[in-house]
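coords-v6.cif (mmCIF, C-alpha atoms and all ligand atoms) appears below.
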data_upload
#
loop_
_atom_site.group_PDB
_atom_site.id
_atom_site.type_symbol
_atom_site.label_atom_id
_atom_site.label_comp_id
_atom_site.auth_asym_id
_atom_site.auth_seq_id
_atom_site.Cartn_x
_atom_site.Cartn_y
_atom_site.Cartn_z
ATOM 1 C CA MET A 951 -26.572 50.006 -72.471
ATOM 2 C CA THR A 952 -26.471 49.410 -76.204
ATOM 3 C CA THR A 953 -23.141 48.421 -77.662
ATOM 4 C CA GLY A 954 -21.815 47.548 -81.063
ATOM 5 C CA THR A 955 -22.821 44.204 -82.478
ATOM 6 C CA LEU A 956 -21.026 40.936 -81.910
ATOM 7 C CA ILE A 957 -21.375 39.010 -85.145
ATOM 8 C CA THR A 958 -20.871 35.265 -85.068
ATOM 9 C CA VAL A 959 -20.606 33.331 -88.285
ATOM 10 C CA ALA A 960 -21.761 29.703 -88.292
ATOM 11 C CA PRO A 961 -20.529 28.691 -91.726
ATOM 12 C CA THR A 962 -21.161 24.960 -92.010
ATOM 13 C CA GLY A 963 -23.319 23.178 -89.422
ATOM 14 C CA ALA A 964 -24.024 19.480 -89.481
ATOM 15 C CA GLU A 965 -27.312 19.385 -91.320
ATOM 16 C CA SER A 966 -26.814 20.470 -94.941
ATOM 17 C CA ALA A 967 -25.223 18.146 -97.498
ATOM 18 C CA LYS A 968 -22.500 19.460 -99.774
ATOM 19 C CA GLU A 969 -24.268 17.936 -102.796
ATOM 20 C CA GLN A 970 -27.386 19.971 -102.075
ATOM 21 C CA VAL A 971 -25.518 23.110 -101.000
ATOM 22 C CA PRO A 972 -22.306 23.330 -103.062
ATOM 23 C CA ALA A 973 -21.305 26.674 -101.519
ATOM 24 C CA LEU A 974 -21.048 25.097 -98.050
ATOM 25 C CA PRO A 975 -17.447 25.229 -96.730
ATOM 26 C CA VAL A 976 -16.530 21.671 -95.797
ATOM 27 C CA THR A 977 -12.761 21.362 -96.247
ATOM 28 C CA LEU A 978 -10.246 23.085 -93.997
ATOM 29 C CA ASP A 979 -9.157 25.316 -96.869
ATOM 30 C CA GLU A 980 -12.740 26.327 -97.590
ATOM 31 C CA LEU A 981 -13.337 27.006 -93.918
ATOM 32 C CA LEU A 982 -10.205 29.141 -93.573
ATOM 33 C CA LEU A 983 -11.043 31.199 -96.651
ATOM 34 C CA THR A 984 -14.569 31.761 -95.359
ATOM 35 C CA ALA A 985 -13.260 32.643 -91.904
ATOM 36 C CA LYS A 986 -10.807 35.229 -93.215
ATOM 37 C CA GLU A 987 -13.362 36.845 -95.497
ATOM 38 C CA CYS A 988 -16.057 36.941 -92.820
ATOM 39 C CA GLU A 989 -13.597 38.454 -90.332
ATOM 40 C CA ALA A 990 -12.718 41.162 -92.857
ATOM 41 C CA LEU A 991 -16.426 41.954 -93.213
ATOM 42 C CA GLY A 992 -17.074 42.229 -89.461
ATOM 43 C CA ALA A 993 -17.494 38.793 -87.899
ATOM 44 C CA SER A 994 -15.665 38.324 -84.610
ATOM 45 C CA VAL A 995 -16.660 34.794 -83.565
ATOM 46 C CA ILE A 996 -16.777 31.611 -85.632
ATOM 47 C CA HIS A 997 -19.007 28.689 -84.595
ATOM 48 C CA VAL A 998 -17.362 25.626 -86.072
ATOM 49 C CA HIS A 999 -18.621 22.234 -87.220
ATOM 50 C CA ILE A 1000 -16.194 20.200 -89.287
ATOM 51 C CA ARG A 1001 -16.600 17.568 -91.985
ATOM 52 C CA ASP A 1002 -14.627 14.483 -93.031
ATOM 53 C CA ASP A 1003 -13.171 13.742 -96.476
ATOM 54 C CA GLN A 1004 -16.629 12.722 -97.685
ATOM 55 C CA ALA A 1005 -18.053 16.016 -96.355
ATOM 56 C CA ARG A 1006 -19.944 14.202 -93.610
ATOM 57 C CA PRO A 1007 -20.093 15.771 -90.123
ATOM 58 C CA THR A 1008 -17.328 14.506 -87.851
ATOM 59 C CA LEU A 1009 -15.974 15.170 -84.362
ATOM 60 C CA ASP A 1010 -12.591 13.650 -85.203
ATOM 61 C CA GLN A 1011 -10.173 14.898 -82.549
ATOM 62 C CA GLY A 1012 -7.194 15.330 -84.886
ATOM 63 C CA ARG A 1013 -9.214 17.373 -87.334
ATOM 64 C CA LEU A 1014 -10.696 19.497 -84.550
ATOM 65 C CA ARG A 1015 -7.233 20.343 -83.194
ATOM 66 C CA GLU A 1016 -5.911 21.078 -86.661
ATOM 67 C CA THR A 1017 -8.895 23.320 -87.348
ATOM 68 C CA VAL A 1018 -8.502 25.289 -84.101
ATOM 69 C CA ALA A 1019 -4.773 25.782 -84.767
ATOM 70 C CA ALA A 1020 -5.318 26.827 -88.379
ATOM 71 C CA LEU A 1021 -8.067 29.308 -87.500
ATOM 72 C CA ARG A 1022 -5.852 30.838 -84.803
ATOM 73 C CA GLU A 1023 -2.968 31.134 -87.217
ATOM 74 C CA SER A 1024 -4.970 32.659 -90.090
ATOM 75 C CA THR A 1025 -7.454 34.831 -88.213
ATOM 76 C CA ASP A 1026 -8.058 36.702 -84.971
ATOM 77 C CA LEU A 1027 -11.562 35.275 -84.701
ATOM 78 C CA ILE A 1028 -12.764 33.852 -81.389
ATOM 79 C CA VAL A 1029 -12.924 30.128 -82.099
ATOM 80 C CA GLN A 1030 -16.064 28.447 -80.834
ATOM 81 C CA LEU A 1031 -16.365 24.706 -81.430
ATOM 82 C CA SER A 1032 -19.761 23.069 -81.561
ATOM 83 C CA SER A 1033 -20.268 20.537 -78.813
ATOM 84 C CA GLY A 1034 -23.670 19.841 -80.341
ATOM 85 C CA GLY A 1035 -22.274 18.077 -83.362
ATOM 86 C CA ALA A 1036 -24.872 16.161 -85.320
ATOM 87 C CA VAL A 1037 -27.961 14.648 -83.686
ATOM 88 C CA THR A 1038 -26.365 11.214 -84.070
ATOM 89 C CA ASP A 1039 -23.134 12.042 -82.222
ATOM 90 C CA PRO A 1040 -22.554 10.223 -78.908
ATOM 91 C CA GLU A 1041 -22.121 12.221 -75.715
ATOM 92 C CA ALA A 1042 -18.518 11.039 -75.189
ATOM 93 C CA ASP A 1043 -17.456 12.458 -78.565
ATOM 94 C CA ARG A 1044 -19.302 15.698 -77.881
ATOM 95 C CA LEU A 1045 -17.532 16.095 -74.522
ATOM 96 C CA ALA A 1046 -14.181 15.295 -76.151
ATOM 97 C CA VAL A 1047 -14.581 18.368 -78.374
ATOM 98 C CA LEU A 1048 -13.273 20.330 -75.370
ATOM 99 C CA ASP A 1049 -9.937 18.492 -75.640
ATOM 100 C CA ALA A 1050 -9.235 20.552 -78.766
ATOM 101 C CA ALA A 1051 -9.008 23.590 -76.441
ATOM 102 C CA PRO A 1052 -11.126 26.167 -78.287
ATOM 103 C CA ASP A 1053 -11.751 29.672 -76.879
ATOM 104 C CA MET A 1054 -15.449 28.870 -76.633
ATOM 105 C CA ALA A 1055 -17.768 25.911 -77.085
ATOM 106 C CA SER A 1056 -21.507 25.679 -77.437
ATOM 107 C CA CYS A 1057 -23.518 24.186 -74.582
ATOM 108 C CA THR A 1058 -27.142 23.487 -75.415
ATOM 109 C CA MET A 1059 -29.399 23.872 -72.413
ATOM 110 C CA GLY A 1060 -31.875 21.075 -73.016
ATOM 111 C CA THR A 1061 -33.351 18.471 -75.298
ATOM 112 C CA VAL A 1062 -35.376 19.678 -78.263
ATOM 113 C CA ASN A 1063 -37.231 18.134 -81.165
ATOM 114 C CA PHE A 1064 -35.152 18.929 -84.225
ATOM 115 C CA GLY A 1065 -37.276 18.436 -87.316
ATOM 116 C CA ASP A 1066 -37.852 14.688 -87.476
ATOM 117 C CA ASP A 1067 -34.938 14.085 -85.092
ATOM 118 C CA VAL A 1068 -34.285 14.702 -81.405
ATOM 119 C CA PHE A 1069 -31.336 16.812 -80.281
ATOM 120 C CA LEU A 1070 -30.665 15.126 -76.952
ATOM 121 C CA ASN A 1071 -29.104 17.120 -74.108
ATOM 122 C CA ARG A 1072 -29.598 15.366 -70.770
ATOM 123 C CA TRP A 1073 -29.174 17.372 -67.572
ATOM 124 C CA GLU A 1074 -26.135 15.357 -66.416
ATOM 125 C CA PHE A 1075 -24.510 15.845 -69.800
ATOM 126 C CA ILE A 1076 -25.069 19.610 -69.626
ATOM 127 C CA VAL A 1077 -23.533 19.701 -66.144
ATOM 128 C CA ASP A 1078 -20.526 17.745 -67.427
ATOM 129 C CA LEU A 1079 -20.010 20.162 -70.303
ATOM 130 C CA HIS A 1080 -20.375 23.208 -68.071
ATOM 131 C CA THR A 1081 -18.004 21.990 -65.340
ATOM 132 C CA ARG A 1082 -15.375 20.729 -67.779
ATOM 133 C CA MET A 1083 -15.420 24.116 -69.491
ATOM 134 C CA GLN A 1084 -14.922 25.788 -66.105
ATOM 135 C CA GLU A 1085 -11.900 23.542 -65.443
ATOM 136 C CA ARG A 1086 -10.368 24.172 -68.875
ATOM 137 C CA SER A 1087 -10.932 27.930 -69.151
ATOM 138 C CA ILE A 1088 -13.322 27.589 -72.089
ATOM 139 C CA LEU A 1089 -16.190 30.065 -72.328
ATOM 140 C CA PRO A 1090 -19.545 28.446 -73.059
ATOM 141 C CA GLU A 1091 -22.097 29.878 -75.399
ATOM 142 C CA TYR A 1092 -25.326 28.585 -73.886
ATOM 143 C CA GLU A 1093 -27.590 27.641 -76.758
ATOM 144 C CA ILE A 1094 -31.266 28.205 -76.088
ATOM 145 C CA PHE A 1095 -33.672 26.452 -78.464
ATOM 146 C CA ASP A 1096 -36.745 26.895 -76.269
ATOM 147 C CA LEU A 1097 -37.748 29.212 -73.431
ATOM 148 C CA GLY A 1098 -37.514 26.480 -70.779
ATOM 149 C CA HIS A 1099 -33.817 26.180 -71.614
ATOM 150 C CA LEU A 1100 -33.352 29.537 -69.890
ATOM 151 C CA THR A 1101 -34.820 28.106 -66.708
ATOM 152 C CA ALA A 1102 -32.403 25.211 -67.015
ATOM 153 C CA LEU A 1103 -29.549 27.707 -67.399
ATOM 154 C CA GLN A 1104 -30.585 29.537 -64.248
ATOM 155 C CA ARG A 1105 -30.625 26.211 -62.387
ATOM 156 C CA LEU A 1106 -27.223 25.280 -63.815
ATOM 157 C CA LEU A 1107 -25.606 28.545 -62.704
ATOM 158 C CA ASP A 1108 -27.269 28.385 -59.276
ATOM 159 C CA ARG A 1109 -26.023 24.861 -58.630
ATOM 160 C CA HIS A 1110 -22.686 24.811 -60.429
ATOM 161 C CA GLY A 1111 -21.502 28.405 -60.536
ATOM 162 C CA LEU A 1112 -20.669 30.911 -63.216
ATOM 163 C CA PRO A 1113 -18.788 29.934 -66.361
ATOM 164 C CA TYR A 1114 -15.075 30.525 -66.793
ATOM 165 C CA GLY A 1115 -14.403 34.276 -66.596
ATOM 166 C CA GLY A 1116 -17.791 34.965 -65.027
ATOM 167 C CA HIS A 1117 -19.548 36.351 -68.083
ATOM 168 C CA VAL A 1118 -22.732 34.632 -69.262
ATOM 169 C CA HIS A 1119 -23.464 34.699 -72.989
ATOM 170 C CA VAL A 1120 -26.414 32.924 -74.586
ATOM 171 C CA ASP A 1121 -27.506 32.379 -78.162
ATOM 172 C CA PHE A 1122 -31.201 32.073 -78.949
ATOM 173 C CA VAL A 1123 -31.494 29.565 -81.780
ATOM 174 C CA MET A 1124 -34.975 30.306 -83.086
ATOM 175 C CA GLY A 1125 -37.147 28.764 -85.748
ATOM 176 C CA VAL A 1126 -35.942 25.160 -85.477
ATOM 177 C CA PRO A 1127 -38.963 22.926 -86.199
ATOM 178 C CA GLY A 1128 -39.674 21.696 -82.669
ATOM 179 C CA GLY A 1129 -38.167 24.665 -80.820
ATOM 180 C CA MET A 1130 -39.297 28.215 -80.159
ATOM 181 C CA PRO A 1131 -40.516 30.191 -83.179
ATOM 182 C CA GLY A 1132 -38.368 32.872 -84.762
ATOM 183 C CA THR A 1133 -40.612 35.829 -84.058
ATOM 184 C CA THR A 1134 -40.161 39.237 -82.478
ATOM 185 C CA ALA A 1135 -42.650 38.385 -79.721
ATOM 186 C CA THR A 1136 -40.702 35.260 -78.765
ATOM 187 C CA LEU A 1137 -37.386 37.052 -78.802
ATOM 188 C CA VAL A 1138 -38.766 39.778 -76.540
ATOM 189 C CA ALA A 1139 -40.114 37.111 -74.166
ATOM 190 C CA ALA A 1140 -36.751 35.339 -74.154
ATOM 191 C CA GLN A 1141 -34.898 38.581 -73.589
ATOM 192 C CA GLN A 1142 -37.155 39.440 -70.647
ATOM 193 C CA MET A 1143 -36.393 36.086 -69.060
ATOM 194 C CA LEU A 1144 -32.706 37.072 -69.036
ATOM 195 C CA ARG A 1145 -33.582 39.314 -66.078
ATOM 196 C CA ASP A 1146 -33.428 36.178 -63.914
ATOM 197 C CA LEU A 1147 -29.842 35.516 -65.030
ATOM 198 C CA PRO A 1148 -26.710 37.291 -63.746
ATOM 199 C CA ALA A 1149 -26.464 41.028 -64.464
ATOM 200 C CA GLY A 1150 -24.538 41.702 -67.631
ATOM 201 C CA THR A 1151 -25.676 38.533 -69.408
ATOM 202 C CA THR A 1152 -25.465 39.105 -73.158
ATOM 203 C CA PHE A 1153 -27.339 37.385 -75.945
ATOM 204 C CA SER A 1154 -27.129 36.818 -79.628
ATOM 205 C CA ALA A 1155 -29.920 35.447 -81.764
ATOM 206 C CA THR A 1156 -30.143 33.223 -84.770
ATOM 207 C CA GLY A 1157 -33.210 32.849 -86.928
ATOM 208 C CA VAL A 1158 -33.162 29.541 -88.744
ATOM 209 C CA GLY A 1159 -34.485 29.451 -92.297
ATOM 210 C CA ARG A 1160 -37.266 31.885 -93.041
ATOM 211 C CA SER A 1161 -37.061 33.520 -89.627
ATOM 212 C CA THR A 1162 -33.575 34.925 -90.278
ATOM 213 C CA ILE A 1163 -34.514 38.523 -91.027
ATOM 214 C CA ALA A 1164 -37.233 38.837 -88.376
ATOM 215 C CA VAL A 1165 -34.860 37.569 -85.695
ATOM 216 C CA LEU A 1166 -31.993 39.716 -86.922
ATOM 217 C CA LEU A 1167 -34.077 42.897 -86.757
ATOM 218 C CA ALA A 1168 -35.603 41.967 -83.399
ATOM 219 C CA SER A 1169 -32.203 41.223 -81.893
ATOM 220 C CA LEU A 1170 -30.664 44.466 -83.088
ATOM 221 C CA SER A 1171 -33.578 46.496 -81.770
ATOM 222 C CA THR A 1172 -33.494 44.853 -78.334
ATOM 223 C CA GLY A 1173 -29.750 45.211 -77.750
ATOM 224 C CA GLY A 1174 -28.838 41.701 -78.819
ATOM 225 C CA HIS A 1175 -26.076 40.376 -81.010
ATOM 226 C CA LEU A 1176 -26.245 38.282 -84.166
ATOM 227 C CA ARG A 1177 -25.336 34.842 -85.421
ATOM 228 C CA VAL A 1178 -25.651 34.255 -89.139
ATOM 229 C CA GLY A 1179 -24.329 31.672 -91.557
ATOM 230 C CA MET A 1180 -25.070 28.706 -93.742
ATOM 231 C CA GLU A 1181 -25.517 26.441 -90.711
ATOM 232 C CA ASP A 1182 -28.821 28.239 -90.198
ATOM 233 C CA THR A 1183 -29.776 29.774 -93.535
ATOM 234 C CA VAL A 1184 -29.264 28.426 -97.050
ATOM 235 C CA THR A 1185 -31.863 30.582 -98.828
ATOM 236 C CA TYR A 1186 -31.047 34.287 -99.174
ATOM 237 C CA THR A 1187 -34.459 35.387 -100.377
ATOM 238 C CA LYS A 1188 -37.386 33.311 -101.588
ATOM 239 C CA GLY A 1189 -36.149 31.038 -104.364
ATOM 240 C CA ARG A 1190 -32.568 32.337 -104.228
ATOM 241 C CA PRO A 1191 -29.925 30.129 -102.630
ATOM 242 C CA VAL A 1192 -27.279 31.700 -100.425
ATOM 243 C CA GLU A 1193 -24.103 32.163 -102.457
ATOM 244 C CA SER A 1194 -21.685 32.275 -99.547
ATOM 245 C CA ASN A 1195 -21.357 32.918 -95.838
ATOM 246 C CA MET A 1196 -19.869 36.277 -96.743
ATOM 247 C CA GLN A 1197 -23.176 37.278 -98.302
ATOM 248 C CA LEU A 1198 -24.949 36.573 -94.999
ATOM 249 C CA VAL A 1199 -22.323 38.334 -92.889
ATOM 250 C CA ALA A 1200 -22.381 41.351 -95.217
ATOM 251 C CA ARG A 1201 -26.161 41.550 -94.847
ATOM 252 C CA ALA A 1202 -25.894 41.356 -91.044
ATOM 253 C CA VAL A 1203 -23.203 44.045 -91.022
ATOM 254 C CA GLY A 1204 -25.412 46.283 -93.181
ATOM 255 C CA PHE A 1205 -28.352 45.922 -90.810
ATOM 256 C CA ALA A 1206 -26.109 46.472 -87.774
ATOM 257 C CA GLN A 1207 -24.762 49.671 -89.275
ATOM 258 C CA LEU A 1208 -28.274 50.878 -90.076
ATOM 259 C CA ALA A 1209 -29.180 50.224 -86.446
ATOM 260 C CA GLN A 1210 -26.154 52.335 -85.461
ATOM 261 C CA ARG A 1211 -24.669 49.322 -83.752
ATOM 262 C CA PRO A 1212 -21.650 48.603 -85.964
ATOM 263 C CA PRO A 1213 -19.818 45.281 -85.743
ATOM 264 C CA LEU A 1214 -17.463 44.810 -82.813
ATOM 265 C CA THR A 1215 -13.853 44.184 -83.721
ATOM 266 C CA THR A 1216 -12.336 40.938 -82.525
ATOM 267 C CA THR A 1217 -10.583 42.879 -79.758
ATOM 268 C CA GLU A 1218 -13.859 44.472 -78.659
ATOM 269 C CA ALA A 1219 -15.586 41.101 -78.835
ATOM 270 C CA ARG A 1220 -12.956 39.607 -76.524
ATOM 271 C CA GLN A 1221 -13.478 42.496 -74.101
ATOM 272 C CA LEU A 1222 -17.228 41.868 -74.139
ATOM 273 C CA LEU A 1223 -17.091 38.109 -73.651
ATOM 274 C CA PHE A 1224 -13.982 37.587 -71.547
ATOM 275 C CA ARG A 1225 -14.175 40.666 -69.311
HETATM 276 N N1 LIG B 1301 -26.394 20.312 -85.219
HETATM 277 C C1 LIG B 1301 -27.374 20.437 -84.200
HETATM 278 C C2 LIG B 1301 -27.945 19.106 -83.852
HETATM 279 C C3 LIG B 1301 -24.464 23.279 -81.562
HETATM 280 O O1 LIG B 1301 -23.705 23.485 -82.484
HETATM 281 O O2 LIG B 1301 -24.102 23.266 -80.399
HETATM 282 C C4 LIG B 1301 -26.839 21.049 -82.980
HETATM 283 C C5 LIG B 1301 -26.128 22.313 -83.100
HETATM 284 C C6 LIG B 1301 -25.906 23.012 -81.844
HETATM 285 O O3 LIG B 1301 -25.699 22.749 -84.160
HETATM 286 ZN ZN ZN B 1302 -23.948 24.390 -84.432
#
Show me the file's structure as structure tokens.
Ligand code: KMH
Ligand code: ZN
Amino acid sequence: MTTGTLITVAPTGAESAKEQVPALPVTLDELLLTAKECEALGASVIHVHIRDDQARPTLDQGRLRETVAALRESTDLIVQLSSGGAVTDPEADRLAVLDAAPDMASCTMGTVNFGDDVFLNRWEFIVDLHTRMQERSILPEYEIFDLGHLTALQRLLDRHGLPYGGHVHVDFVMGVPGGMPGTTATLVAAQQMLRDLPAGTTFSATGVGRSTIAVLLASLSTGGHLRVGMEDTVTYTKGRPVESNMQLVARAVGFAQLAQRPPLTTTEARQLLFR
């Protein structure tokens, strides 16, 4: 059954430098302003990476807690913290992200080449993340960078049970150099593999870089949801830098409306994910 569209904004990420991308929200004030404006446009989930005073990626526990509290106070967005962090972050710090008690946290389902780097996600680490989220009533967003990650997810659920609340939601992160390509054919293949996962599993999709539009259209036309933001896309059209996260959310909302799948409200998004 086709529903409205869950729109997640991923405003910052850990990869782009503020000097190269001045519009990137890196302070708490910048993040809150972005969050409020994206919520007003139609976003219902925010995928959060934070930065330190030098705008470098950090998993500082105090800042994470402050960020979760501030987002809850200023918005009704579902707050999803990244447990992926930066490729250099140690596993202990990534697990400790859960101590900040977000509504959701990402849980990447396997190791993937990540440009010239490696985004390491060992099986035992994934199991730790999954089971700690079960214990703490945090809903995972299973991040799928390659098709085999779906097989790993099936194995995880078979061996360790459903996530908190019982609803399985995945995000296909497509077009990372080293992961699956951001094409319609790949998204259809990924979506078909969801048949092996529990009934009612939902997915969103993210096309990194140039694959943004292809993935967005493919996801809308196959009943999927959307993640957009400057974590994934810093070029709006060829040669034109993204001006703000709002510009990307507005574009996603426009496409969703054209597809007659308007953005879910935050209340509807909670019903979808936490039912
Ligand atoms: N920054 C990437 C290495 C996540 O947020 O969980 C990992 C990432 C995935 O962004
Ligand atoms: Zn992320």
Quick one: apply the PyMOL selection byres (((chain A and resi 1105-1113) around 10) and not hetatm) to the file and drop the selected residues here as a ChimeraX atom specification. /A:1059,1073,1076-1077,1080-1085,1087-1091,1099-1104,1114-1119,1147-1148
Those same residues, written as a compact mmCIF listing (two decimals), in the coordinates of the input with C-alpha atoms?
# COMPACT_ATOMS: atom_id res chain seq x y z
CA MET A 1059 -29.40 23.87 -72.41
CA TRP A 1073 -29.17 17.37 -67.57
CA ILE A 1076 -25.07 19.61 -69.63
CA VAL A 1077 -23.53 19.70 -66.14
CA HIS A 1080 -20.38 23.21 -68.07
CA THR A 1081 -18.00 21.99 -65.34
CA ARG A 1082 -15.38 20.73 -67.78
CA MET A 1083 -15.42 24.12 -69.49
CA GLN A 1084 -14.92 25.79 -66.10
CA GLU A 1085 -11.90 23.54 -65.44
CA SER A 1087 -10.93 27.93 -69.15
CA ILE A 1088 -13.32 27.59 -72.09
CA LEU A 1089 -16.19 30.06 -72.33
CA PRO A 1090 -19.55 28.45 -73.06
CA GLU A 1091 -22.10 29.88 -75.40
CA HIS A 1099 -33.82 26.18 -71.61
CA LEU A 1100 -33.35 29.54 -69.89
CA THR A 1101 -34.82 28.11 -66.71
CA ALA A 1102 -32.40 25.21 -67.02
CA LEU A 1103 -29.55 27.71 -67.40
CA GLN A 1104 -30.58 29.54 -64.25
CA TYR A 1114 -15.08 30.52 -66.79
CA GLY A 1115 -14.40 34.28 -66.60
CA GLY A 1116 -17.79 34.97 -65.03
CA HIS A 1117 -19.55 36.35 -68.08
CA VAL A 1118 -22.73 34.63 -69.26
CA HIS A 1119 -23.46 34.70 -72.99
CA LEU A 1147 -29.84 35.52 -65.03
CA PRO A 1148 -26.71 37.29 -63.75
Pull the closest atom pair for each residue of range 1023-1140 of chain A that gets at most 8 Å from range 1006-1009 of chain A, along with the distance in Å to one decimal, counting only C-alpha atoms, ordering rows by chain and then ascending residue number, as CSV.
residue,atom,partner,partner_atom,distance
A:Gly1035,CA,A:Leu1009,CA,7.0
A:Ala1036,CA,A:Pro1007,CA,6.8
A:Asp1043,CA,A:Leu1009,CA,6.6
A:Arg1044,CA,A:Leu1009,CA,7.3
A:Val1047,CA,A:Leu1009,CA,6.9
Quick check on the file I pasted: which residues fall under the PyMOL selection byres (((not hetatm)) within 8 of (chain B and resi 1301))? Write them as JSON, numbers by chain. {"A": [963, 964, 965, 997, 998, 999, 1031, 1032, 1033, 1034, 1035, 1036, 1037, 1055, 1056, 1057, 1058, 1064, 1069, 1093, 1181]}
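Proximity of A:Val959, A:Ala985, A:Leu1021, A:Leu1137 to ligand ZN 1302 (chain B), computed with all atoms listed in the file, is greatest for A:Val959.
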For Leu983 in chain A, which of A:Ala1042, A:Phe1205, A:Thr1025, A:Gly1132 is the closest residue, counting only C-alpha atoms? A:Thr1025
Please complete range 1143-1156 of chain A so it has N, CA, C and O atoms, and hand it over as an mmCIF file, in the frame of the given file.
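This is the output file result_37.cif:
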data_model
loop_
_atom_site.group_PDB
_atom_site.id
_atom_site.type_symbol
_atom_site.label_atom_id
_atom_site.label_comp_id
_atom_site.auth_asym_id
_atom_site.auth_seq_id
_atom_site.Cartn_x
_atom_site.Cartn_y
_atom_site.Cartn_z
ATOM 1 N N MET A 1143 -36.756 37.145 -70.017
ATOM 2 C CA MET A 1143 -36.393 36.086 -69.060
ATOM 3 C C MET A 1143 -34.927 36.190 -68.643
ATOM 4 O O MET A 1143 -34.523 35.619 -67.623
ATOM 5 N N LEU A 1144 -34.121 36.908 -69.421
ATOM 6 C CA LEU A 1144 -32.706 37.072 -69.036
ATOM 7 C C LEU A 1144 -32.569 37.847 -67.731
ATOM 8 O O LEU A 1144 -31.520 37.820 -67.095
ATOM 9 N N ARG A 1145 -33.655 38.546 -67.333
ATOM 10 C CA ARG A 1145 -33.582 39.314 -66.078
ATOM 11 C C ARG A 1145 -33.315 38.404 -64.882
ATOM 12 O O ARG A 1145 -32.840 38.852 -63.846
ATOM 13 N N ASP A 1146 -33.658 37.121 -65.015
ATOM 14 C CA ASP A 1146 -33.428 36.178 -63.914
ATOM 15 C C ASP A 1146 -32.005 35.629 -63.918
ATOM 16 O O ASP A 1146 -31.622 34.863 -63.038
ATOM 17 N N LEU A 1147 -31.226 35.995 -64.936
ATOM 18 C CA LEU A 1147 -29.842 35.516 -65.030
ATOM 19 C C LEU A 1147 -28.906 36.604 -64.504
ATOM 20 O O LEU A 1147 -29.329 37.736 -64.255
ATOM 21 N N PRO A 1148 -27.621 36.291 -64.330
ATOM 22 C CA PRO A 1148 -26.710 37.291 -63.746
ATOM 23 C C PRO A 1148 -26.692 38.605 -64.539
ATOM 24 O O PRO A 1148 -26.807 38.593 -65.772
ATOM 25 N N ALA A 1149 -26.536 39.711 -63.812
ATOM 26 C CA ALA A 1149 -26.464 41.028 -64.464
ATOM 27 C C ALA A 1149 -25.335 40.999 -65.484
ATOM 28 O O ALA A 1149 -24.283 40.396 -65.242
ATOM 29 N N GLY A 1150 -25.581 41.643 -66.607
ATOM 30 C CA GLY A 1150 -24.538 41.702 -67.631
ATOM 31 C C GLY A 1150 -24.587 40.553 -68.631
ATOM 32 O O GLY A 1150 -23.794 40.509 -69.571
ATOM 33 N N THR A 1151 -25.523 39.626 -68.437
ATOM 34 C CA THR A 1151 -25.676 38.533 -69.408
ATOM 35 C C THR A 1151 -25.959 39.125 -70.793
ATOM 36 O O THR A 1151 -26.784 40.025 -70.928
ATOM 37 N N THR A 1152 -25.246 38.628 -71.792
ATOM 38 C CA THR A 1152 -25.465 39.105 -73.158
ATOM 39 C C THR A 1152 -26.102 37.991 -73.985
ATOM 40 O O THR A 1152 -25.989 36.816 -73.648
ATOM 41 N N PHE A 1153 -26.742 38.410 -75.076
ATOM 42 C CA PHE A 1153 -27.339 37.385 -75.945
ATOM 43 C C PHE A 1153 -27.119 37.730 -77.407
ATOM 44 O O PHE A 1153 -27.036 38.890 -77.798
ATOM 45 N N SER A 1154 -27.014 36.662 -78.187
ATOM 46 C CA SER A 1154 -27.129 36.818 -79.628
ATOM 47 C C SER A 1154 -28.340 35.998 -80.048
ATOM 48 O O SER A 1154 -28.890 35.232 -79.251
ATOM 49 N N ALA A 1155 -28.755 36.185 -81.292
ATOM 50 C CA ALA A 1155 -29.920 35.447 -81.764
ATOM 51 C C ALA A 1155 -29.698 35.015 -83.201
ATOM 52 O O ALA A 1155 -29.027 35.686 -83.983
ATOM 53 N N THR A 1156 -30.284 33.889 -83.481
ATOM 54 C CA THR A 1156 -30.143 33.223 -84.770
ATOM 55 C C THR A 1156 -31.524 32.826 -85.237
ATOM 56 O O THR A 1156 -32.211 32.092 -84.522
#
